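Asker: Input structure: final.txt, which contains compact mmCIF, C-alpha atoms.
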# COMPACT_ATOMS: atom_id res chain seq x y z
CA MET A 1 -25.06 110.46 24.99
CA ASN A 2 -28.47 111.27 23.54
CA LEU A 3 -30.25 113.74 25.81
CA ARG A 4 -33.74 115.08 25.23
CA LEU A 5 -36.09 117.45 27.05
CA THR A 6 -39.63 116.24 27.64
CA SER A 7 -42.47 117.77 29.62
CA ILE A 8 -43.36 115.82 32.77
CA ASP A 9 -47.04 115.67 33.66
CA SER A 10 -46.81 113.17 36.51
CA MET A 11 -46.55 114.71 39.98
CA LYS A 12 -45.49 111.34 41.39
CA GLN A 13 -42.62 110.95 38.91
CA TRP A 14 -41.50 114.54 39.51
CA GLU A 15 -41.61 114.42 43.31
CA ASN A 16 -39.96 111.00 43.52
CA PHE A 17 -36.97 112.26 41.52
CA LEU A 18 -36.76 115.56 43.40
CA LEU A 19 -37.03 114.15 46.91
CA THR A 20 -34.46 111.49 46.07
CA ASN A 21 -31.89 113.88 44.67
CA SER A 22 -32.50 117.28 46.32
CA PRO A 23 -35.12 117.30 49.11
CA GLU A 24 -34.14 120.89 50.07
CA ALA A 25 -35.21 122.33 46.69
CA LEU A 26 -38.51 123.95 47.67
CA PHE A 27 -38.83 126.01 44.48
CA GLN A 28 -38.51 122.92 42.30
CA SER A 29 -41.39 121.21 44.10
CA TRP A 30 -44.56 120.42 42.19
CA THR A 31 -46.68 122.45 44.61
CA TRP A 32 -44.52 125.54 44.17
CA GLY A 33 -45.05 125.25 40.44
CA GLU A 34 -48.80 125.14 41.04
CA VAL A 35 -48.55 128.28 43.16
CA GLN A 36 -46.84 130.11 40.29
CA LYS A 37 -49.41 128.88 37.78
CA LYS A 38 -52.20 130.18 40.01
CA THR A 39 -50.62 133.64 39.96
CA GLY A 40 -50.53 133.62 36.16
CA GLN A 41 -46.88 132.75 35.59
CA THR A 42 -45.85 130.44 32.76
CA VAL A 43 -44.27 127.24 34.11
CA HIS A 44 -42.43 124.54 32.16
CA ARG A 45 -41.72 121.24 33.94
CA LEU A 46 -39.05 119.53 31.91
CA GLY A 47 -37.43 116.16 32.39
CA ILE A 48 -33.93 115.59 31.04
CA PHE A 49 -33.69 112.07 29.68
CA ASP A 50 -30.66 110.07 28.54
CA ASN A 51 -32.39 107.67 26.16
CA ASN A 52 -35.27 106.54 28.42
CA THR A 53 -33.61 107.23 31.78
CA LEU A 54 -34.56 110.35 33.74
CA ILE A 55 -31.30 112.02 34.80
CA GLY A 56 -32.49 115.54 35.65
CA ILE A 57 -35.44 117.86 36.06
CA ALA A 58 -35.90 121.61 35.69
CA GLN A 59 -39.00 123.55 36.67
CA ILE A 60 -38.64 126.71 34.62
CA PHE A 61 -40.47 129.92 35.37
CA VAL A 62 -40.82 132.48 32.58
CA VAL A 63 -40.23 135.87 34.20
CA ARG A 64 -41.62 138.75 32.15
CA ALA A 65 -40.13 141.82 33.80
CA ARG A 66 -39.84 145.37 32.53
CA ARG A 67 -36.08 144.93 32.49
CA GLY A 68 -36.43 141.93 30.13
CA THR A 69 -37.85 138.40 29.92
CA PHE A 70 -35.80 135.49 31.21
CA LEU A 71 -36.05 131.81 32.11
CA HIS A 72 -35.57 131.17 35.82
CA VAL A 73 -34.72 127.80 37.38
CA ARG A 74 -34.94 128.42 41.12
CA HIS A 75 -33.13 125.85 43.30
CA GLY A 76 -32.21 123.91 40.18
CA PRO A 77 -31.82 122.24 37.81
CA ILE A 78 -31.75 118.95 39.74
CA TRP A 79 -29.42 116.22 38.50
CA ARG A 80 -28.91 112.59 39.33
CA ASP A 81 -25.22 113.21 38.58
CA GLN A 82 -23.76 116.69 38.19
CA THR A 83 -21.58 116.69 35.04
CA ASN A 84 -20.30 119.35 32.67
CA ALA A 85 -21.59 117.40 29.67
CA PHE A 86 -25.14 117.19 31.05
CA TRP A 87 -25.23 120.94 31.73
CA ARG A 88 -23.92 121.81 28.25
CA GLU A 89 -26.52 119.67 26.53
CA PHE A 90 -29.26 121.05 28.79
CA ILE A 91 -28.39 124.64 27.85
CA SER A 92 -28.31 123.74 24.17
CA LEU A 93 -31.72 122.07 24.37
CA LEU A 94 -33.18 125.12 26.16
CA LYS A 95 -32.36 127.56 23.36
CA PRO A 96 -35.53 126.86 21.31
CA LEU A 97 -37.64 127.49 24.44
CA ALA A 98 -35.80 130.75 25.08
CA LEU A 99 -36.49 131.81 21.50
CA LYS A 100 -40.17 130.86 21.79
CA GLU A 101 -40.60 132.82 25.07
CA HIS A 102 -38.47 135.76 23.81
CA ALA A 103 -36.12 135.26 26.78
CA TRP A 104 -32.82 137.14 26.79
CA PHE A 105 -31.12 134.90 29.33
CA LEU A 106 -31.32 131.89 31.63
CA ARG A 107 -30.95 132.35 35.40
CA VAL A 108 -30.23 129.37 37.63
CA SER A 109 -30.02 129.26 41.42
CA PRO A 110 -28.76 125.72 42.04
CA LEU A 111 -28.31 124.39 45.56
CA ILE A 112 -24.59 123.90 45.06
CA ILE A 113 -22.32 124.79 47.99
CA ASN A 114 -20.39 128.00 47.31
CA THR A 115 -16.81 126.91 46.62
CA PRO A 116 -14.10 127.98 44.15
CA GLU A 117 -14.61 124.66 42.38
CA ALA A 118 -18.33 125.37 41.92
CA HIS A 119 -17.57 128.80 40.45
CA LYS A 120 -15.03 127.27 38.08
CA PHE A 121 -17.52 124.57 37.04
CA LEU A 122 -20.23 127.10 36.07
CA SER A 123 -17.77 129.59 34.59
CA GLU A 124 -16.56 126.90 32.18
CA LEU A 125 -20.19 126.61 31.04
CA HIS A 126 -20.18 130.39 30.33
CA PHE A 127 -22.35 131.32 33.28
CA ILE A 128 -21.63 134.61 35.05
CA PRO A 129 -22.75 135.70 38.56
CA ALA A 130 -26.08 137.53 38.42
CA SER A 131 -26.03 141.23 39.32
CA ILE A 132 -29.07 140.82 41.55
CA HIS A 133 -28.66 140.66 45.34
CA GLU A 134 -28.68 137.30 47.11
CA VAL A 135 -32.05 135.63 46.49
CA ASP A 136 -33.83 132.37 47.31
CA ALA A 137 -31.99 132.05 50.64
CA GLU A 138 -28.70 131.15 49.01
CA ARG A 139 -27.12 132.18 52.33
CA CYS A 140 -29.33 130.62 54.99
CA TRP A 141 -29.28 129.76 58.67
CA VAL A 142 -30.40 126.28 59.70
CA LEU A 143 -30.93 124.51 63.00
CA ASP A 144 -30.51 120.74 63.27
CA LEU A 145 -33.39 119.27 65.26
CA ASN A 146 -31.80 115.94 66.25
CA LYS A 147 -31.64 117.13 69.89
CA THR A 148 -33.98 117.32 72.86
CA GLU A 149 -35.86 120.56 73.49
CA GLU A 150 -33.64 121.26 76.49
CA GLU A 151 -30.51 120.77 74.37
CA LEU A 152 -31.91 123.14 71.74
CA LEU A 153 -32.60 125.76 74.41
CA MET A 154 -29.08 125.41 75.83
CA GLY A 155 -27.62 125.84 72.33
CA MET A 156 -29.24 129.27 71.96
CA ARG A 157 -27.75 132.64 72.75
CA LYS A 158 -28.35 133.39 76.43
CA THR A 159 -30.52 136.42 75.67
CA THR A 160 -32.67 134.44 73.22
CA ARG A 161 -33.31 131.72 75.79
CA TYR A 162 -34.18 134.40 78.36
CA GLU A 163 -36.65 136.11 75.99
CA ILE A 164 -38.45 132.82 75.29
CA ARG A 165 -38.87 132.10 79.00
CA GLN A 166 -39.87 135.69 79.68
CA ALA A 167 -42.61 135.51 77.03
CA GLN A 168 -43.89 132.30 78.63
CA LYS A 169 -43.97 133.96 82.07
CA LEU A 170 -45.84 136.95 80.68
CA GLY A 171 -48.54 134.69 79.26
CA VAL A 172 -47.84 135.21 75.57
CA ARG A 173 -50.21 133.02 73.57
CA VAL A 174 -49.31 131.35 70.24
CA VAL A 175 -52.16 130.17 68.03
CA LYS A 176 -51.53 127.72 65.17
CA THR A 177 -53.86 127.53 62.17
CA THR A 178 -54.10 126.25 58.62
CA GLU A 179 -57.21 128.27 57.74
CA LYS A 180 -56.73 130.58 54.76
CA LYS A 181 -59.17 133.10 56.27
CA ASP A 182 -56.75 133.63 59.16
CA LEU A 183 -54.19 135.11 56.79
CA ARG A 184 -56.00 138.43 57.26
CA TYR A 185 -54.30 138.67 60.66
CA PHE A 186 -50.90 138.02 59.12
CA TYR A 187 -51.42 140.64 56.43
CA LYS A 188 -52.18 143.35 59.01
CA LEU A 189 -48.73 142.83 60.47
CA TYR A 190 -47.03 142.19 57.14
CA GLU A 191 -48.04 145.53 55.63
CA GLU A 192 -46.65 147.37 58.66
CA THR A 193 -43.45 145.29 58.62
CA SER A 194 -42.82 145.96 54.93
CA ARG A 195 -43.24 149.70 55.48
CA ARG A 196 -40.95 149.70 58.52
CA HIS A 197 -38.16 147.75 56.85
CA GLY A 198 -38.62 149.13 53.35
CA PHE A 199 -38.97 145.83 51.47
CA VAL A 200 -41.36 144.97 48.66
CA ALA A 201 -44.14 142.74 49.99
CA HIS A 202 -44.58 139.34 48.34
CA THR A 203 -47.75 139.12 46.27
CA SER A 204 -48.44 135.36 46.20
CA ILE A 205 -48.50 134.51 49.91
CA SER A 206 -52.22 133.70 49.88
CA GLU A 207 -51.89 131.21 46.98
CA GLU A 208 -48.75 129.73 48.52
CA PHE A 209 -50.37 129.16 51.90
CA GLU A 210 -53.59 127.77 50.42
CA LEU A 211 -51.92 125.14 48.23
CA PHE A 212 -49.30 124.01 50.75
CA ALA A 213 -51.90 123.92 53.56
CA LYS A 214 -54.08 121.58 51.45
CA GLU A 215 -51.25 119.05 51.73
CA ASN A 216 -50.73 119.79 55.45
CA ASN A 217 -47.43 121.45 54.53
CA ALA A 218 -48.13 125.00 55.70
CA LEU A 219 -48.80 126.45 59.14
CA LEU A 220 -49.61 129.97 60.31
CA LEU A 221 -48.52 130.92 63.84
CA LEU A 222 -50.01 134.00 65.50
CA GLY A 223 -48.46 135.44 68.67
CA PHE A 224 -50.65 137.46 71.06
CA ASP A 225 -49.74 139.66 74.02
CA GLY A 226 -53.09 139.68 75.74
CA LYS A 227 -55.58 140.52 72.96
CA ASP A 228 -52.96 142.25 70.81
CA LEU A 229 -51.52 140.42 67.83
CA ILE A 230 -47.78 141.20 67.84
CA ALA A 231 -45.99 138.60 65.68
CA SER A 232 -46.77 136.03 63.01
CA THR A 233 -44.87 133.40 61.06
CA ILE A 234 -45.72 131.27 58.03
CA LEU A 235 -44.00 127.89 57.99
CA LEU A 236 -43.71 125.65 54.95
CA PHE A 237 -42.79 121.98 55.23
CA TYR A 238 -40.99 120.28 52.36
CA GLY A 239 -38.70 117.28 52.20
CA ASN A 240 -36.68 117.16 55.39
CA GLN A 241 -37.13 120.83 56.28
CA ALA A 242 -39.43 123.24 58.06
CA ILE A 243 -38.93 126.64 56.40
CA TYR A 244 -39.54 129.98 58.10
CA HIS A 245 -40.72 131.50 54.84
CA HIS A 246 -42.52 134.67 55.93
CA GLY A 247 -42.60 136.67 59.13
CA ALA A 248 -44.18 139.88 60.38
CA SER A 249 -44.28 141.72 63.68
CA LEU A 250 -44.99 144.97 65.49
CA MET A 251 -42.57 146.78 67.78
CA SER A 252 -43.21 145.55 71.31
CA LYS A 253 -41.51 145.37 74.71
CA THR A 254 -42.94 141.88 75.13
CA PRO A 255 -40.73 139.29 73.31
CA VAL A 256 -43.58 137.66 71.40
CA SER A 257 -41.50 136.92 68.26
CA TYR A 258 -39.12 134.73 70.26
CA LEU A 259 -41.87 132.48 71.55
CA VAL A 260 -43.49 132.26 68.11
CA GLN A 261 -40.22 130.96 66.68
CA TRP A 262 -39.73 128.52 69.54
CA GLU A 263 -43.24 127.13 69.03
CA ALA A 264 -42.49 126.80 65.29
CA ILE A 265 -39.34 124.82 66.10
CA ARG A 266 -41.27 122.61 68.51
CA GLU A 267 -43.94 121.98 65.86
CA ALA A 268 -41.26 120.93 63.36
CA LYS A 269 -39.82 118.47 65.89
CA LYS A 270 -43.28 116.98 66.50
CA ARG A 271 -43.58 116.32 62.77
CA GLY A 272 -40.26 114.48 62.67
CA ILE A 273 -38.56 117.22 60.63
CA ILE A 274 -34.76 117.12 60.93
CA VAL A 275 -33.85 120.68 59.88
CA TYR A 276 -35.42 124.03 60.74
CA ASN A 277 -34.49 126.53 58.03
CA PHE A 278 -34.57 130.16 59.21
CA TYR A 279 -34.07 131.12 55.57
CA GLY A 280 -32.06 134.08 54.28
CA ILE A 281 -29.48 135.97 56.34
CA ALA A 282 -27.07 138.85 55.70
CA PRO A 283 -23.37 138.33 54.96
CA ASP A 284 -21.06 138.93 57.94
CA ASP A 285 -18.99 141.47 56.01
CA LYS A 286 -21.94 143.83 55.37
CA PRO A 287 -22.87 145.51 58.68
CA ASN A 288 -25.33 147.88 56.95
CA HIS A 289 -27.19 145.16 55.07
CA PRO A 290 -31.02 145.54 55.29
CA TRP A 291 -31.28 142.05 56.83
CA ARG A 292 -28.78 142.71 59.64
CA GLY A 293 -31.39 142.94 62.42
CA ILE A 294 -33.36 139.84 61.47
CA THR A 295 -30.07 137.96 60.98
CA LEU A 296 -29.04 138.61 64.59
CA PHE A 297 -32.48 137.43 65.69
CA LYS A 298 -32.25 134.18 63.70
CA LYS A 299 -28.70 133.34 64.78
CA GLY A 300 -29.70 133.71 68.43
CA PHE A 301 -31.53 130.37 68.23
CA GLY A 302 -28.32 128.50 67.49
CA GLY A 303 -27.50 126.63 64.30
CA ARG A 304 -25.17 126.88 61.35
CA GLU A 305 -24.83 128.73 58.07
CA ILE A 306 -25.17 127.15 54.63
CA ASN A 307 -23.85 129.21 51.75
CA TYR A 308 -24.96 128.14 48.27
CA ILE A 309 -23.47 129.57 45.10
CA HIS A 310 -24.92 132.90 43.97
CA ALA A 311 -27.49 132.95 41.15
CA GLN A 312 -25.85 132.53 37.75
CA ASP A 313 -26.86 133.87 34.34
CA TYR A 314 -26.35 132.47 30.86
CA ALA A 315 -26.95 135.03 28.10
CA PHE A 316 -28.95 134.02 25.04
CA SER A 317 -29.02 137.58 23.63
CA PRO A 318 -26.75 140.65 23.68
CA PHE A 319 -29.75 142.50 25.14
CA TYR A 320 -28.87 140.72 28.42
CA LEU A 321 -26.63 143.71 29.22
CA ILE A 322 -29.78 145.82 29.83
CA PRO A 323 -31.20 143.81 32.79
CA LYS A 324 -27.69 143.14 34.08
CA SER A 325 -27.01 146.89 34.35
CA ILE A 326 -30.42 147.69 35.87
CA GLU A 327 -30.04 145.00 38.53
CA ALA A 328 -26.54 146.17 39.43
CA VAL A 329 -27.79 149.70 40.06
CA ARG A 330 -30.80 148.52 42.09
CA ARG A 331 -28.61 146.30 44.24
CA LYS A 332 -26.33 149.20 45.12
CA LEU A 333 -29.19 151.61 45.85
CA ARG A 334 -30.91 149.14 48.19
CA GLY A 335 -27.78 148.56 50.26
CA TYR A 336 -27.19 144.92 49.37
Since I need it in another form, could you write the structure as structure tokens?

Answerer:
Amino acid sequence: MNLRLTSIDSMKQWENFLLTNSPEALFQSWTWGEVQKKTGQTVHRLGIFDNNTLIGIAQIFVVRARRGTFLHVRHGPIWRDQTNAFWREFISLLKPLALKEHAWFLRVSPLIINTPEAHKFLSELHFIPASIHEVDAERCWVLDLNKTEEELLMGMRKTTRYEIRQAQKLGVRVVKTTEKKDLRYFYKLYEETSRRHGFVAHTSISEEFELFAKENNALLLLGFDGKDLIASTILLFYGNQAIYHHGASLMSKTPVSYLVQWEAIREAKKRGIIVYNFYGIAPDDKPNHPWRGITLFKKGFGGREINYIHAQDYAFSPFYLIPKSIEAVRRKLRGY
């Protein structure tokens, strides 16, 4: 085996490999890399070659945080075949890059189903579970769309189905747009939602929406009760999924949010998408988790849970103990 890391500059080569081997890996997509570049982040797109055959890819983001710099491979790396030997060589080949970027550790969030075997596999490679809370929707709720609309409605919680029909009766209006200028409506709700729920607002939503919308892979849905904007959702489309990536709403007696989600699901079906991904949810064993309310909302639409392995860290430096400790404290304080 003679592996080498080489930068990939061809979007076609990158996307062909990714969509063939892991079409769910949104954060390894070429467009997501462009979003991060536009926000000033350093991005390395590396192909892992065995002689001249591409066997893996890793889009690496250099995260320069106050707690320490690290290399982050979100939803990856992506392999043609998942083997211990390939991983070991990949880590070894990354060490010069880590040294160049002054990175203390490597963090990976691979889309590997959370099983004892998966933990054993990564533990043997000297990875340890990251102290950070669950990120990148490693525990997500998905709805299979290979059903009629009536079947989807009947698969929902009774109260969810009622709220959708009630919103329709009350004349709730859902507007769909791909215009970047319309994000100003979303942001009005988003700022209020972040204050109400106490989460840190994402800072790259505008760049994300603009670049994905250029490829017809982003949609903004705005839900109105009369003239009042009550709820909004940003959908991303990638591979075989429609992803409920951002949401915002005001408190209201009118169930606007339910109809917005139903219209998002219907839009995904029209596009031939096979999975609607509601994104991250709270674990069942944590009743006080900050995501508990939104989790109950998402599960009401029917579907199933997918639980990927938690983010894993590989230390390049003994200084890794600093960010590990900081993240552990933050996780506890925030109730995760």

Asker: To one decimal in Å, tell me the separation between atom CA of Gln312 of chain A and atom CA of Trp291 of chain A.

Answerer: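 According to the coordinates, atom CA of Gln312 of chain A and atom CA of Trp291 of chain A are separated by 22.0 Å.
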
Asker: Quick check, in Å to one decimal: how far apart do atom CA of Ala242 of chain A and atom CA of Leu220 of chain A lie?

Answerer: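 According to the coordinates, atom CA of Ala242 of chain A and atom CA of Leu220 of chain A are separated by 12.4 Å.
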
Asker: In Å, with one decimal, what is the gap from atom CA of Arg173 of chain A to atom CA of Lys298 of chain A?

Answerer: 20.5 Å

Asker: Mind running segment 69-172 of chain A against segment 264-275 of chain A at 12 Å and telling me each contacting residue's nearest atom pair with the distance in Å (one decimal), counting only C-alpha atoms, chain and number ascending, as JSON lines?

Answerer:
{"residue": "A:Cys140", "atom": "CA", "partner": "A:Val275", "partner_atom": "CA", "distance": 12.0}
{"residue": "A:Trp141", "atom": "CA", "partner": "A:Val275", "partner_atom": "CA", "distance": 10.2}
{"residue": "A:Val142", "atom": "CA", "partner": "A:Val275", "partner_atom": "CA", "distance": 6.6}
{"residue": "A:Leu143", "atom": "CA", "partner": "A:Val275", "partner_atom": "CA", "distance": 5.7}
{"residue": "A:Asp144", "atom": "CA", "partner": "A:Val275", "partner_atom": "CA", "distance": 4.8}
{"residue": "A:Leu145", "atom": "CA", "partner": "A:Ile274", "partner_atom": "CA", "distance": 5.0}
{"residue": "A:Asn146", "atom": "CA", "partner": "A:Ile274", "partner_atom": "CA", "distance": 6.2}
{"residue": "A:Lys147", "atom": "CA", "partner": "A:Lys269", "partner_atom": "CA", "distance": 9.2}
{"residue": "A:Thr148", "atom": "CA", "partner": "A:Lys269", "partner_atom": "CA", "distance": 9.2}
{"residue": "A:Glu149", "atom": "CA", "partner": "A:Arg266", "partner_atom": "CA", "distance": 7.6}
{"residue": "A:Glu150", "atom": "CA", "partner": "A:Arg266", "partner_atom": "CA", "distance": 11.1}
{"residue": "A:Leu152", "atom": "CA", "partner": "A:Ile265", "partner_atom": "CA", "distance": 9.5}
{"residue": "A:Leu153", "atom": "CA", "partner": "A:Ile265", "partner_atom": "CA", "distance": 10.7}

Asker: From the options A:Ala58, A:Val172, A:Leu296, A:Ala103, which residue's atoms come nearest to Phe319 of chain A, counting all atoms listed in the file?

Answerer: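 Checking each of A:Ala58, A:Val172, A:Leu296, A:Ala103 against Phe319 of chain A, counting all atoms listed in the file, the winner is A:Ala103.
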
Asker: Hey, which of A:Leu26, A:Ala231, A:Leu170, A:Ile309 ends up closest to Ile243 of chain A? Count all atoms listed in the file.

Answerer: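 Looking at the shortest contact to Ile243 of chain A, the residue is A:Leu26.
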
Asker: Compare A:Leu46, A:Ile281, A:Leu235, A:Leu229 by their minimum atom-to-atom distance to Phe212 of chain A, counting all atoms listed in the file, and give me the closest one.

Answerer: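 Smallest distance to Phe212 of chain A is found for A:Leu235.
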
Asker: Report as a PyMOL selection string all protein, DNA and RNA residues lying within 10 Å of Tyr320 of chain A, evaluated on only C-alpha atoms, omitting residues in the same chain fewer than 3 positions from it.

Answerer: chain A and resi 67-70+103-106+313-317+323-325
